[in-house]
Structures are given as C-alpha cells and as structure tokens.
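K.L.:
Below is the file start.pdb, with PDB, C-alpha atoms.
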ATOM      1  CA  MET A   1      62.715 -74.657-154.863
ATOM      2  CA  ALA A   2      65.611 -72.247-154.357
ATOM      3  CA  SER A   3      63.588 -69.907-152.159
ATOM      4  CA  GLU A   4      62.875 -72.753-149.714
ATOM      5  CA  CYS A   5      66.562 -73.615-149.250
ATOM      6  CA  THR A   6      68.476 -72.381-146.215
ATOM      7  CA  ILE A   7      69.569 -68.822-146.926
ATOM      8  CA  SER A   8      73.155 -67.611-146.742
ATOM      9  CA  THR A   9      74.387 -65.986-143.541
ATOM     10  CA  SER A  10      76.464 -63.487-145.548
ATOM     11  CA  LEU A  11      73.633 -61.056-146.425
ATOM     12  CA  ASN A  12      74.395 -57.577-145.075
ATOM     13  CA  ILE A  13      71.187 -56.775-143.212
ATOM     14  CA  LYS A  14      72.847 -53.895-141.372
ATOM     15  CA  GLU A  15      72.302 -51.918-144.571
ATOM     16  CA  PRO A  16      69.035 -51.422-146.494
ATOM     17  CA  ARG A  17      68.079 -53.898-149.212
ATOM     18  CA  TRP A  18      68.311 -51.266-151.947
ATOM     19  CA  ASP A  19      71.270 -49.116-153.053
ATOM     20  CA  GLN A  20      71.293 -46.032-150.807
ATOM     21  CA  GLY A  21      73.568 -44.193-153.224
ATOM     22  CA  THR A  22      70.566 -43.451-155.445
ATOM     23  CA  PHE A  23      67.342 -41.575-154.747
ATOM     24  CA  VAL A  24      65.250 -44.460-156.134
ATOM     25  CA  GLY A  25      66.981 -46.923-153.802
ATOM     26  CA  ARG A  26      66.406 -44.662-150.796
ATOM     27  CA  ALA A  27      62.767 -44.121-151.817
ATOM     28  CA  LYS A  28      62.127 -47.893-151.951
ATOM     29  CA  HIS A  29      63.726 -48.210-148.524
ATOM     30  CA  PHE A  30      61.594 -45.483-146.947
ATOM     31  CA  PHE A  31      58.343 -46.569-148.628
ATOM     32  CA  THR A  32      58.864 -49.829-146.717
ATOM     33  CA  VAL A  33      59.922 -48.257-143.402
ATOM     34  CA  THR A  34      57.127 -45.628-143.361
ATOM     35  CA  ASP A  35      54.367 -48.035-144.453
ATOM     36  CA  PRO A  36      51.428 -47.107-142.142
ATOM     37  CA  ARG A  37      50.454 -50.783-141.907
ATOM     38  CA  ASN A  38      53.535 -51.311-139.723
ATOM     39  CA  ILE A  39      51.807 -49.627-136.754
ATOM     40  CA  LEU A  40      49.165 -52.369-136.811
ATOM     41  CA  LEU A  41      51.729 -55.070-136.035
ATOM     42  CA  SER A  42      51.385 -56.692-132.621
ATOM     43  CA  ASN A  43      54.145 -56.775-129.996
ATOM     44  CA  GLU A  44      54.433 -60.510-130.679
ATOM     45  CA  GLN A  45      55.085 -59.886-134.389
ATOM     46  CA  LEU A  46      57.636 -57.157-133.588
ATOM     47  CA  GLU A  47      59.429 -59.381-131.104
ATOM     48  CA  LYS A  48      59.499 -62.267-133.594
ATOM     49  CA  ALA A  49      61.083 -60.015-136.248
ATOM     50  CA  ARG A  50      63.574 -58.698-133.682
ATOM     51  CA  GLN A  51      64.609 -62.213-132.710
ATOM     52  CA  ILE A  52      65.054 -63.252-136.352
ATOM     53  CA  ILE A  53      67.353 -60.262-136.962
ATOM     54  CA  LEU A  54      69.375 -60.670-133.754
ATOM     55  CA  ASP A  55      69.823 -64.396-134.436
ATOM     56  CA  TYR A  56      70.864 -63.770-138.036
ATOM     57  CA  LYS A  57      73.489 -61.234-136.944
ATOM     58  CA  LYS A  58      74.945 -63.994-134.748
ATOM     59  CA  GLY A  59      75.011 -66.394-137.704
ATOM     60  CA  VAL A  60      71.905 -68.323-136.630
ATOM     61  CA  VAL A  61      69.242 -68.753-139.333
ATOM     62  CA  THR A  62      65.667 -69.492-138.295
ATOM     63  CA  PRO A  63      64.692 -72.890-139.824
ATOM     64  CA  GLY A  64      62.676 -72.537-143.041
ATOM     65  CA  LEU A  65      63.347 -68.790-143.307
ATOM     66  CA  THR A  66      63.476 -67.438-146.880
ATOM     67  CA  GLU A  67      65.462 -64.424-148.058
ATOM     68  CA  ASP A  68      62.283 -62.382-148.623
ATOM     69  CA  GLU A  69      61.081 -63.235-145.109
ATOM     70  CA  LEU A  70      64.444 -62.142-143.697
ATOM     71  CA  TRP A  71      64.223 -58.765-145.424
ATOM     72  CA  ARG A  72      60.608 -58.381-144.305
ATOM     73  CA  ALA A  73      61.704 -59.066-140.725
ATOM     74  CA  LYS A  74      64.492 -56.488-141.093
ATOM     75  CA  TYR A  75      62.058 -53.775-142.184
ATOM     76  CA  VAL A  76      59.575 -54.629-139.442
ATOM     77  CA  PHE A  77      62.509 -54.417-137.012
ATOM     78  CA  ASP A  78      63.757 -51.122-138.486
ATOM     79  CA  SER A  79      60.272 -49.575-138.336
ATOM     80  CA  ALA A  80      59.892 -50.174-134.595
ATOM     81  CA  PHE A  81      63.372 -50.264-133.017
ATOM     82  CA  HIS A  82      65.858 -47.379-132.774
ATOM     83  CA  PRO A  83      68.940 -47.932-135.007
ATOM     84  CA  ASP A  84      71.431 -46.699-132.380
ATOM     85  CA  THR A  85      69.953 -47.737-129.032
ATOM     86  CA  GLY A  86      68.025 -50.834-130.168
ATOM     87  CA  GLU A  87      65.110 -49.766-127.945
ATOM     88  CA  LYS A  88      61.503 -50.131-129.091
ATOM     89  CA  MET A  89      60.313 -46.690-130.193
ATOM     90  CA  LEU A  90      57.125 -44.986-129.019
ATOM     91  CA  LEU A  91      54.277 -45.996-131.336
ATOM     92  CA  ILE A  92      53.219 -42.495-132.406
ATOM     93  CA  GLY A  93      56.869 -41.449-132.767
ATOM     94  CA  ARG A  94      57.643 -44.068-135.421
ATOM     95  CA  MET A  95      57.851 -42.921-139.035
ATOM     96  CA  SER A  96      55.148 -45.462-139.923
ATOM     97  CA  ALA A  97      52.749 -43.391-137.781
ATOM     98  CA  GLN A  98      53.527 -40.178-139.693
ATOM     99  CA  VAL A  99      50.727 -40.514-142.253
ATOM    100  CA  PRO A 100      47.754 -41.229-139.950
ATOM    101  CA  MET A 101      48.916 -38.785-137.269
ATOM    102  CA  ASN A 102      49.896 -35.943-139.591
ATOM    103  CA  MET A 103      46.837 -36.248-141.838
ATOM    104  CA  THR A 104      44.600 -35.850-138.806
ATOM    105  CA  ILE A 105      46.516 -32.990-137.183
ATOM    106  CA  THR A 106      47.200 -31.110-140.437
ATOM    107  CA  GLY A 107      43.593 -31.501-141.565
ATOM    108  CA  CYS A 108      42.396 -30.051-138.264
ATOM    109  CA  MET A 109      44.875 -27.151-138.454
ATOM    110  CA  MET A 110      43.618 -26.310-141.945
ATOM    111  CA  THR A 111      39.975 -26.514-140.866
ATOM    112  CA  PHE A 112      40.057 -24.885-137.407
ATOM    113  CA  TYR A 113      42.229 -21.844-138.003
ATOM    114  CA  ARG A 114      39.859 -18.908-137.565
ATOM    115  CA  THR A 115      40.241 -18.238-133.824
ATOM    116  CA  THR A 116      43.327 -17.795-131.681
ATOM    117  CA  PRO A 117      42.299 -20.494-129.143
ATOM    118  CA  ALA A 118      41.809 -23.008-131.987
ATOM    119  CA  VAL A 119      45.188 -22.159-133.532
ATOM    120  CA  LEU A 120      46.864 -22.323-130.120
ATOM    121  CA  PHE A 121      45.326 -25.714-129.337
ATOM    122  CA  TRP A 122      46.115 -27.395-132.668
ATOM    123  CA  GLN A 123      49.607 -25.920-132.888
ATOM    124  CA  TRP A 124      50.287 -27.188-129.369
ATOM    125  CA  ILE A 125      48.997 -30.644-130.373
ATOM    126  CA  ASN A 126      51.091 -30.522-133.558
ATOM    127  CA  GLN A 127      54.280 -29.393-131.843
ATOM    128  CA  SER A 128      53.852 -31.906-129.025
ATOM    129  CA  PHE A 129      53.534 -34.632-131.656
ATOM    130  CA  ASN A 130      56.574 -33.263-133.501
ATOM    131  CA  ALA A 131      58.552 -33.211-130.251
ATOM    132  CA  ILE A 132      57.745 -36.912-129.707
ATOM    133  CA  VAL A 133      58.774 -37.741-133.293
ATOM    134  CA  ASN A 134      61.984 -35.716-133.028
ATOM    135  CA  TYR A 135      62.928 -37.383-129.732
ATOM    136  CA  THR A 136      62.025 -40.867-130.994
ATOM    137  CA  ASN A 137      64.052 -40.474-134.206
ATOM    138  CA  ARG A 138      67.059 -38.708-132.706
ATOM    139  CA  SER A 139      70.598 -39.697-133.603
ATOM    140  CA  GLY A 140      72.999 -41.294-131.134
ATOM    141  CA  ASP A 141      72.752 -43.595-128.147
ATOM    142  CA  ALA A 142      73.535 -41.263-125.241
ATOM    143  CA  PRO A 143      70.891 -41.371-122.473
ATOM    144  CA  ILE A 144      68.721 -38.289-121.969
ATOM    145  CA  THR A 145      67.586 -37.336-118.457
ATOM    146  CA  VAL A 146      63.958 -36.503-117.688
ATOM    147  CA  ASN A 147      65.045 -32.937-116.875
ATOM    148  CA  GLN A 148      66.824 -32.530-120.232
ATOM    149  CA  LEU A 149      63.836 -33.995-122.066
ATOM    150  CA  GLY A 150      61.382 -31.737-120.204
ATOM    151  CA  THR A 151      63.459 -28.621-120.897
ATOM    152  CA  ALA A 152      63.740 -29.538-124.582
ATOM    153  CA  TYR A 153      59.989 -30.194-124.854
ATOM    154  CA  VAL A 154      58.939 -26.931-123.186
ATOM    155  CA  SER A 155      61.382 -24.792-125.182
ATOM    156  CA  ALA A 156      60.532 -26.515-128.473
ATOM    157  CA  THR A 157      56.748 -26.386-128.147
ATOM    158  CA  THR A 158      56.664 -22.870-126.668
ATOM    159  CA  GLY A 159      58.922 -21.454-129.387
ATOM    160  CA  ALA A 160      57.064 -23.230-132.177
ATOM    161  CA  VAL A 161      53.581 -22.300-130.937
ATOM    162  CA  ALA A 162      54.622 -18.653-130.416
ATOM    163  CA  THR A 163      55.899 -18.566-134.001
ATOM    164  CA  ALA A 164      52.623 -20.042-135.289
ATOM    165  CA  LEU A 165      50.531 -17.504-133.354
ATOM    166  CA  GLY A 166      52.672 -14.661-134.670
ATOM    167  CA  LEU A 167      52.109 -15.801-138.239
ATOM    168  CA  ASN A 168      48.405 -16.225-137.529
ATOM    169  CA  ALA A 169      48.232 -12.602-136.381
ATOM    170  CA  LEU A 170      49.819 -11.506-139.669
ATOM    171  CA  ALA A 171      47.302 -13.594-141.599
ATOM    172  CA  LYS A 172      44.456 -11.300-140.463
ATOM    173  CA  HIS A 173      45.903  -8.571-142.657
ATOM    174  CA  VAL A 174      45.997 -10.632-145.870
ATOM    175  CA  SER A 175      43.345 -12.207-148.085
ATOM    176  CA  PRO A 176      41.449 -15.301-146.808
ATOM    177  CA  LEU A 177      43.005 -17.444-149.532
ATOM    178  CA  ILE A 178      46.532 -16.607-148.408
ATOM    179  CA  GLY A 179      45.399 -17.007-144.816
ATOM    180  CA  ARG A 180      44.671 -20.678-145.461
ATOM    181  CA  PHE A 181      48.384 -21.235-146.115
ATOM    182  CA  VAL A 182      49.432 -19.799-142.758
ATOM    183  CA  PRO A 183      49.333 -23.219-140.994
ATOM    184  CA  PHE A 184      51.946 -24.501-143.424
ATOM    185  CA  ALA A 185      54.165 -21.454-143.036
ATOM    186  CA  ALA A 186      53.814 -21.993-139.287
ATOM    187  CA  VAL A 187      54.720 -25.689-139.622
ATOM    188  CA  ALA A 188      57.812 -24.811-141.664
ATOM    189  CA  ALA A 189      58.973 -22.139-139.219
ATOM    190  CA  ALA A 190      58.143 -24.295-136.208
ATOM    191  CA  ASN A 191      60.162 -27.213-137.579
ATOM    192  CA  CYS A 192      63.193 -24.930-137.708
ATOM    193  CA  ILE A 193      62.711 -24.372-133.971
ATOM    194  CA  ASN A 194      61.327 -27.685-132.703
ATOM    195  CA  ILE A 195      63.830 -30.106-134.243
ATOM    196  CA  PRO A 196      67.047 -28.359-133.096
ATOM    197  CA  LEU A 197      65.635 -27.784-129.600
ATOM    198  CA  MET A 198      64.429 -31.378-129.162
ATOM    199  CA  ARG A 199      67.821 -32.582-130.378
ATOM    200  CA  GLN A 200      69.872 -29.894-128.617
ATOM    201  CA  ARG A 201      71.895 -32.488-126.707
ATOM    202  CA  GLU A 202      73.324 -33.660-130.040
ATOM    203  CA  LEU A 203      74.343 -30.100-130.930
ATOM    204  CA  LYS A 204      76.045 -29.649-127.546
ATOM    205  CA  HIS A 205      77.753 -33.012-127.139
ATOM    206  CA  GLY A 206      77.874 -34.417-130.678
ATOM    207  CA  ILE A 207      76.677 -37.655-132.265
ATOM    208  CA  PRO A 208      78.679 -40.849-132.865
ATOM    209  CA  VAL A 209      80.717 -40.922-136.081
ATOM    210  CA  THR A 210      82.202 -44.119-137.527
ATOM    211  CA  ASP A 211      84.383 -45.320-140.377
ATOM    212  CA  GLU A 212      82.905 -47.319-143.267
ATOM    213  CA  ASN A 213      83.182 -50.518-141.193
ATOM    214  CA  ASP A 214      81.124 -49.067-138.307
ATOM    215  CA  ASN A 215      84.130 -48.608-136.013
ATOM    216  CA  ARG A 216      83.272 -45.743-133.672
ATOM    217  CA  LEU A 217      85.719 -42.841-133.977
ATOM    218  CA  GLY A 218      84.222 -40.273-131.601
ATOM    219  CA  GLU A 219      81.381 -37.762-131.261
ATOM    220  CA  SER A 220      80.945 -34.680-133.435
ATOM    221  CA  SER A 221      78.752 -31.587-133.091
ATOM    222  CA  LYS A 222      79.576 -30.669-136.699
ATOM    223  CA  ALA A 223      78.026 -33.947-137.826
ATOM    224  CA  ALA A 224      74.976 -33.205-135.643
ATOM    225  CA  GLN A 225      74.568 -29.803-137.331
ATOM    226  CA  GLN A 226      74.556 -31.414-140.790
ATOM    227  CA  ALA A 227      72.198 -34.177-139.657
ATOM    228  CA  ILE A 228      69.663 -31.809-138.098
ATOM    229  CA  THR A 229      69.772 -29.411-141.068
ATOM    230  CA  GLN A 230      68.965 -32.265-143.463
ATOM    231  CA  VAL A 231      66.090 -33.436-141.247
ATOM    232  CA  VAL A 232      64.631 -29.892-141.052
ATOM    233  CA  VAL A 233      64.675 -29.577-144.858
ATOM    234  CA  SER A 234      63.013 -32.978-145.263
ATOM    235  CA  ARG A 235      60.288 -32.200-142.724
ATOM    236  CA  ILE A 236      59.418 -28.822-144.274
ATOM    237  CA  LEU A 237      59.099 -30.368-147.729
ATOM    238  CA  MET A 238      57.102 -33.226-146.201
ATOM    239  CA  ALA A 239      54.434 -30.737-145.128
ATOM    240  CA  SER A 240      54.291 -28.777-148.394
ATOM    241  CA  PRO A 241      52.136 -31.161-150.519
ATOM    242  CA  GLY A 242      49.225 -30.304-148.239
ATOM    243  CA  MET A 243      49.226 -26.837-149.802
ATOM    244  CA  GLY A 244      48.555 -28.417-153.191
ATOM    245  CA  SER A 245      45.754 -30.502-151.730
ATOM    246  CA  PHE A 246      43.996 -27.313-150.645
ATOM    247  CA  ILE A 247      44.175 -25.856-154.160
ATOM    248  CA  LEU A 248      42.674 -29.051-155.581
ATOM    249  CA  ASN A 249      39.623 -28.974-153.326
ATOM    250  CA  LEU A 250      39.105 -25.168-153.118
ATOM    251  CA  SER A 251      36.138 -25.114-155.527
ATOM    252  CA  ILE A 252      34.451 -27.992-153.691
ATOM    253  CA  LEU A 253      34.922 -26.269-150.332
ATOM    254  CA  LEU A 254      33.313 -23.085-151.629
ATOM    255  CA  GLN A 255      30.209 -25.037-152.721
ATOM    256  CA  PHE A 256      30.046 -27.494-149.818
ATOM    257  CA  PRO A 257      31.716 -25.959-146.732
ATOM    258  CA  TRP A 258      30.533 -28.823-144.498
ATOM    259  CA  MET A 259      32.790 -31.173-146.484
ATOM    260  CA  SER A 260      35.877 -29.131-145.598
ATOM    261  CA  ALA A 261      37.295 -31.291-142.794
ATOM    262  CA  PRO A 262      36.858 -34.787-144.323
ATOM    263  CA  ILE A 263      38.086 -33.689-147.773
ATOM    264  CA  GLN A 264      41.151 -31.925-146.408
ATOM    265  CA  VAL A 265      42.075 -34.772-144.065
ATOM    266  CA  GLY A 266      41.700 -37.284-146.912
ATOM    267  CA  LEU A 267      43.746 -35.272-149.398
ATOM    268  CA  VAL A 268      46.471 -34.454-146.874
ATOM    269  CA  GLY A 269      46.666 -38.162-146.012
ATOM    270  CA  PHE A 270      46.932 -39.118-149.689
ATOM    271  CA  CYS A 271      49.746 -36.595-150.206
ATOM    272  CA  LEU A 272      51.595 -37.736-147.089
ATOM    273  CA  VAL A 273      51.595 -41.388-148.198
ATOM    274  CA  PHE A 274      53.995 -40.284-150.949
ATOM    275  CA  ALA A 275      55.578 -37.173-149.412
ATOM    276  CA  THR A 276      56.771 -38.903-146.227
ATOM    277  CA  PRO A 277      59.012 -41.566-147.845
ATOM    278  CA  LEU A 278      60.082 -39.367-150.773
ATOM    279  CA  CYS A 279      61.183 -36.510-148.499
ATOM    280  CA  CYS A 280      62.926 -38.918-146.104
ATOM    281  CA  ALA A 281      64.782 -40.212-149.175
ATOM    282  CA  LEU A 282      66.239 -36.807-150.095
ATOM    283  CA  PHE A 283      69.302 -37.556-147.960
ATOM    284  CA  PRO A 284      70.906 -40.910-147.082
ATOM    285  CA  GLN A 285      69.984 -42.222-143.620
ATOM    286  CA  LYS A 286      73.668 -43.024-143.129
ATOM    287  CA  SER A 287      75.034 -39.561-143.781
ATOM    288  CA  SER A 288      78.706 -38.782-144.367
ATOM    289  CA  MET A 289      81.176 -35.965-143.871
ATOM    290  CA  SER A 290      84.817 -35.347-144.727
ATOM    291  CA  VAL A 291      87.191 -35.615-141.776
ATOM    292  CA  SER A 292      88.514 -32.146-142.682
ATOM    293  CA  ARG A 293      85.099 -30.640-141.787
ATOM    294  CA  LEU A 294      85.053 -32.073-138.255
ATOM    295  CA  GLU A 295      86.184 -30.301-135.085
ATOM    296  CA  PRO A 296      89.994 -29.812-135.035
ATOM    297  CA  GLU A 297      90.491 -31.986-131.927
ATOM    298  CA  LEU A 298      88.455 -34.832-133.435
ATOM    299  CA  GLN A 299      90.381 -34.523-136.715
ATOM    300  CA  GLU A 300      93.652 -34.960-134.776
ATOM    301  CA  LYS A 301      92.274 -37.951-132.863
ATOM    302  CA  ILE A 302      91.103 -39.700-136.047
ATOM    303  CA  ARG A 303      94.316 -39.000-137.981
ATOM    304  CA  ALA A 304      96.362 -40.356-135.091
ATOM    305  CA  SER A 305      94.348 -43.544-134.536
ATOM    306  CA  HIS A 306      92.988 -44.147-138.080
ATOM    307  CA  PRO A 307      95.345 -42.333-140.501
ATOM    308  CA  GLY A 308      93.696 -43.759-143.633
ATOM    309  CA  VAL A 309      90.188 -42.506-142.851
ATOM    310  CA  GLU A 310      89.086 -39.523-144.955
ATOM    311  CA  THR A 311      85.289 -39.776-144.502
ATOM    312  CA  VAL A 312      83.152 -40.442-141.429
ATOM    313  CA  TYR A 313      79.574 -41.744-141.304
ATOM    314  CA  PHE A 314      76.692 -41.157-138.909
ATOM    315  CA  ASN A 315      72.950 -41.754-138.492
ATOM    316  CA  LYS A 316      71.243 -38.448-139.308
ATOM    317  CA  GLY A 317      67.968 -39.382-137.620
ATOM    318  CA  LEU A 318      64.601 -38.758-139.267
TER     319      LEU A 318
END
Using structure tokens, write down the structure that the file contains.
P.N.:
Amino acid sequence: MASECTISTSLNIKEPRWDQGTFVGRAKHFFTVTDPRNILLSNEQLEKARQIILDYKKGVVTPGLTEDELWRAKYVFDSAFHPDTGEKMLLIGRMSAQVPMNMTITGCMMTFYRTTPAVLFWQWINQSFNAIVNYTNRSGDAPITVNQLGTAYVSATTGAVATALGLNALAKHVSPLIGRFVPFAAVAAANCINIPLMRQRELKHGIPVTDENDNRLGESSKAAQQAITQVVVSRILMASPGMGSFILNLSILLQFPWMSAPIQVGLVGFCLVFATPLCCALFPQKSSMSVSRLEPELQEKIRASHPGVETVYFNKGL
C-alpha cells in the first residue's frame, strides 16, 4: 500500500498543509490548530509529535510513519509550541483552549452583569485570560523580562477593566435588552487596549521580518503595527457571534430564567467552535508587507544587503 511506504523527506512542513493564499485553505488550517481536543493531549503525546517534526526537518523519517501521520504530528506540534521560540505554550494560552475558556467566561459575563462587583470580577478574569493568550501568541522570539511582563499585564487589565466598567455605567441608562450587549462592547473595546499593551515590546522594538526563504532581514515596528491591528480585528469579530446566540435564546430566557447560564454558555461555545478558526483565518498567519512601507533605515539595510527583495514576511501572532 502506498500509504505504508516510507514518505518523502521533501514535504514542506514549515508551511501549513493547505494553501494559505485562500480563505478556505486558512480556515482548514485553523480548524485543525484550534481543535479543542488538542488540549487533552498528554505531554508524552506532545513530545512524540515534537520529536517527529524535529527529526523530519533534519531529514530523518520515523520508521513506518505515513504522510497523514506526519501532518497530524505537525498540527499537534503547532497547537502546543510557539512558532518563533519553539517553547511549549501555556495550556490555557493555546488557541485550542479558546473555545472551552471563552465559552465559560463569556457565558458568565452575560449572566452575571447586573452589579458592579460582578462586572468587575468577570472582566478582570476575562482580561487576565486575554493577557495570557496575547502573551502566549505574541510574535517574535525576543525574551521578555518579568518586570516588562508585569507592567504589560497591569496596564492591559486595568485599562480594559476600566473601559468595561465605564460602558457598564452607561448601560444603566439604556433598555435592559441593549444592556445585555454591553459585555460584548466591553470585550471589543478592551481588546483594543489589552492586545497592544500586552504586545507593547513588539511595537517598541519591532518583530522579525524575513524574505520568502525565511532569511531574517531585521526587526520592524511597522510590521508589528500591522500584525497587532489584524489580531485585534480578528479577536473582536471572534466575540461577536455570542451576540447572535443571545437573540436566539431570548424567548427561552424570558420563560425560564433559571436556564440562562447553561443555555448561554452552550450557545456561546457552539458559536466559538466556528468563530475562532474562521476569524483567525481572516488574515494569513504569515503576514506580508512591502519593503517600501518599512522604516526608512530598515529599507536601506534590506536594499543594500538583499537588493532583489520587494516584500517581507512575518508571523502576525494570534
């Protein structure tokens, strides 16, 4: 059988299995990476996948390995290890943890929104979780000190929670129906604060940019700005399907208020299963930018050392 034969060592597993030039290809890629079942994998399974990928990159094929098993190992590897640093990512910060974590937190924010202490607590939980996700899925491989991380966390969560409380105060002057959407407006506004602040080092010092062959050309803050903007847009849209889930179950909630929490958590979770990969797929993971849009000094450096390069590439993060 062909599938049982030794596979070729020429497969490009540095890139996703599907064409990333199309939305459908990116969606297939992210449905695999964000699969919630990935968080159930043991350390032994993750390490086995990591070893298969590292060996394959060196030209060593694990005996009996099929092409499908190689790609499966790649996606297990990609779901748990950072693309730039190669370090194992925090469990709750991985994109495969987005659905179970967000469905629980978002469901609670939609259910316990009537008092300021409840809003404060759940927004703090939400923004702390977002800070972990934003740090875990940052772009670049530069080390971050504990002091820098602490400053970023405090500024991000404080700014985001303050924004949420401000919107909650405004909600008291509108109808109850509109008030139910305040958590999502708060999430959207908070994302605009949390993500840039947690990734502020990238904005200050830049992220690595490469040519099409992955040769590192330098670091660019302009690339970081584009990367973070794309991530903010994706995250806001990722949260929006939960609004639709509330409309769907409004009549049920009016008749059976005690079912509010379980119904909302379930519907938010169902929406996130699709929203998470589809919103991640809006922009290519390996983003690009024209050399002419980079900082003048970096443009000069690239044109001097790599005169034929017109486009640079970088990991935008998630």
K.L.:
Taking the file as I've supplied it (selection: the PyMOL selection byres ((chain A and resi 312) around 7)), which residues are included? Please answer as a PyMOL selection string.
P.N.:
chain A and resi 209-211+288-291+310-311+313-314
K.L.:
Please provide as a CSV table (one decimal) with C-alpha atoms, in the coordinates of the input all residues within 7 Å of range 11-23 of chain A, with the sequence filter that same-chain residues fewer than 4 positions apart are discarded (counting all atoms listed in the file).
P.N.:
chain,number,residue,atom,x,y,z
A,27,ALA,CA,62.8,-44.1,-151.8
A,29,HIS,CA,63.7,-48.2,-148.5
A,281,ALA,CA,64.8,-40.2,-149.2
A,282,LEU,CA,66.2,-36.8,-150.1
A,284,PRO,CA,70.9,-40.9,-147.1
K.L.:
With the file shown as input, list the residues that the PyMOL selection byres ((chain A and resi 296-307) around 8) selects, as a list in words.
P.N.:
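Applied to this file, the PyMOL selection byres ((chain A and resi 296-307) around 8) returns Leu217, Gly218, Glu219, Ser220, Val291, Ser292, Leu294, Glu295, Gly308 and Val309 of chain A.
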K.L.:
Would you save the residues from that selection as a PDB file, keeping the file's coordinate frame, using C-alpha atoms?
P.N.:
ATOM      1  CA  LEU A 217      85.719 -42.841-133.977  1.00  0.00           C
ATOM      2  CA  GLY A 218      84.222 -40.273-131.601  1.00  0.00           C
ATOM      3  CA  GLU A 219      81.381 -37.762-131.261  1.00  0.00           C
ATOM      4  CA  SER A 220      80.945 -34.680-133.435  1.00  0.00           C
ATOM      5  CA  VAL A 291      87.191 -35.615-141.776  1.00  0.00           C
ATOM      6  CA  SER A 292      88.514 -32.146-142.682  1.00  0.00           C
ATOM      7  CA  LEU A 294      85.053 -32.073-138.255  1.00  0.00           C
ATOM      8  CA  GLU A 295      86.184 -30.301-135.085  1.00  0.00           C
ATOM      9  CA  GLY A 308      93.696 -43.759-143.633  1.00  0.00           C
ATOM     10  CA  VAL A 309      90.188 -42.506-142.851  1.00  0.00           C
TER      11      VAL A 309
END
K.L.:
Using the chain letters and residue numbers of this document, give as a list in words the residues selected by the PyMOL selection byres ((chain A and resi 38-55) around 7).
P.N.:
Asp35, Pro36, Arg37, Tyr56, Lys57, Lys58, Gly59, Val60, Val61, Thr62, Ala73, Lys74, Val76, Phe77, Leu91, Ser96 and Ala97 of chain A
K.L.:
Identify, on the basis of all atoms listed in the file, every residue whose closest approach to Thr106 in chain A does not exceed 8 Å; exclude the query and any residue fewer than 2 positions from it along the same chain; express the result as an MDAnalysis selection string.
P.N.:
chainID A and resid 102:104 108:110 126 265 268
K.L.:
What is the CA of Thr158 in chain A to CA of Pro117 in chain A distance in Å?
P.N.:
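CA of Pro117 in chain A lies 14.8 Å from CA of Thr158 in chain A.
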K.L.:
As JSON, please report the centre and edge lengths, rounded to one decimal in Å, of the axis-aligned box that holds all listed atoms of range 66-75 of chain A with 5 Å of padding on each of the six sides.
P.N.:
{"center_x": 63.0, "center_y": -60.6, "center_z": -144.7, "size_x": 14.9, "size_y": 23.7, "size_z": 17.9}
K.L.:
Please return, as a PyMOL selection string, all polymer residues that have at least one atom within 12 Å of the point (46.2, -40.5, -146.7); use only C-alpha atoms and the file's own coordinate frame.
P.N.:
chain A and resi 35-36+97-104+106-107+241-242+245+262-276
K.L.:
With N, CA and C atoms as the goal, would you fill in the gaps in range 126-140 of chain A and present it as an mmCIF file, in the coordinates of the input?
P.N.:
data_model
loop_
_atom_site.group_PDB
_atom_site.id
_atom_site.type_symbol
_atom_site.label_atom_id
_atom_site.label_comp_id
_atom_site.auth_asym_id
_atom_site.auth_seq_id
_atom_site.Cartn_x
_atom_site.Cartn_y
_atom_site.Cartn_z
ATOM 1 N N ASN A 126 50.155 -30.227 -132.468
ATOM 2 C CA ASN A 126 51.091 -30.522 -133.558
ATOM 3 C C ASN A 126 52.535 -30.512 -133.073
ATOM 4 N N GLN A 127 52.887 -29.501 -132.302
ATOM 5 C CA GLN A 127 54.280 -29.393 -131.843
ATOM 6 C C GLN A 127 54.610 -30.422 -130.766
ATOM 7 N N SER A 128 53.625 -30.831 -129.988
ATOM 8 C CA SER A 128 53.852 -31.906 -129.025
ATOM 9 C C SER A 128 54.110 -33.214 -129.771
ATOM 10 N N PHE A 129 53.325 -33.434 -130.827
ATOM 11 C CA PHE A 129 53.534 -34.632 -131.656
ATOM 12 C C PHE A 129 54.912 -34.578 -132.317
ATOM 13 N N ASN A 130 55.261 -33.409 -132.864
ATOM 14 C CA ASN A 130 56.574 -33.263 -133.501
ATOM 15 C C ASN A 130 57.707 -33.501 -132.503
ATOM 16 N N ALA A 131 57.524 -33.024 -131.276
ATOM 17 C CA ALA A 131 58.552 -33.211 -130.251
ATOM 18 C C ALA A 131 58.759 -34.708 -129.972
ATOM 19 N N ILE A 132 57.654 -35.463 -129.928
ATOM 20 C CA ILE A 132 57.745 -36.912 -129.707
ATOM 21 C C ILE A 132 58.475 -37.576 -130.869
ATOM 22 N N VAL A 133 58.131 -37.176 -132.100
ATOM 23 C CA VAL A 133 58.774 -37.741 -133.293
ATOM 24 C C VAL A 133 60.259 -37.396 -133.314
ATOM 25 N N ASN A 134 60.588 -36.152 -133.004
ATOM 26 C CA ASN A 134 61.984 -35.716 -133.028
ATOM 27 C C ASN A 134 62.818 -36.426 -131.963
ATOM 28 N N TYR A 135 62.223 -36.647 -130.796
ATOM 29 C CA TYR A 135 62.928 -37.383 -129.732
ATOM 30 C C TYR A 135 63.087 -38.854 -130.135
ATOM 31 N N THR A 136 62.014 -39.442 -130.639
ATOM 32 C CA THR A 136 62.025 -40.867 -130.994
ATOM 33 C C THR A 136 63.042 -41.164 -132.083
ATOM 34 N N ASN A 137 63.178 -40.247 -133.053
ATOM 35 C CA ASN A 137 64.052 -40.474 -134.206
ATOM 36 C C ASN A 137 65.364 -39.705 -134.123
ATOM 37 N N ARG A 138 65.794 -39.423 -132.898
ATOM 38 C CA ARG A 138 67.059 -38.708 -132.706
ATOM 39 C C ARG A 138 68.232 -39.588 -133.146
ATOM 40 N N SER A 139 69.377 -38.962 -133.274
ATOM 41 C CA SER A 139 70.598 -39.697 -133.603
ATOM 42 C C SER A 139 71.400 -39.918 -132.331
ATOM 43 N N GLY A 140 72.132 -41.037 -132.279
ATOM 44 C CA GLY A 140 72.999 -41.294 -131.134
ATOM 45 C C GLY A 140 72.366 -42.202 -130.100
#
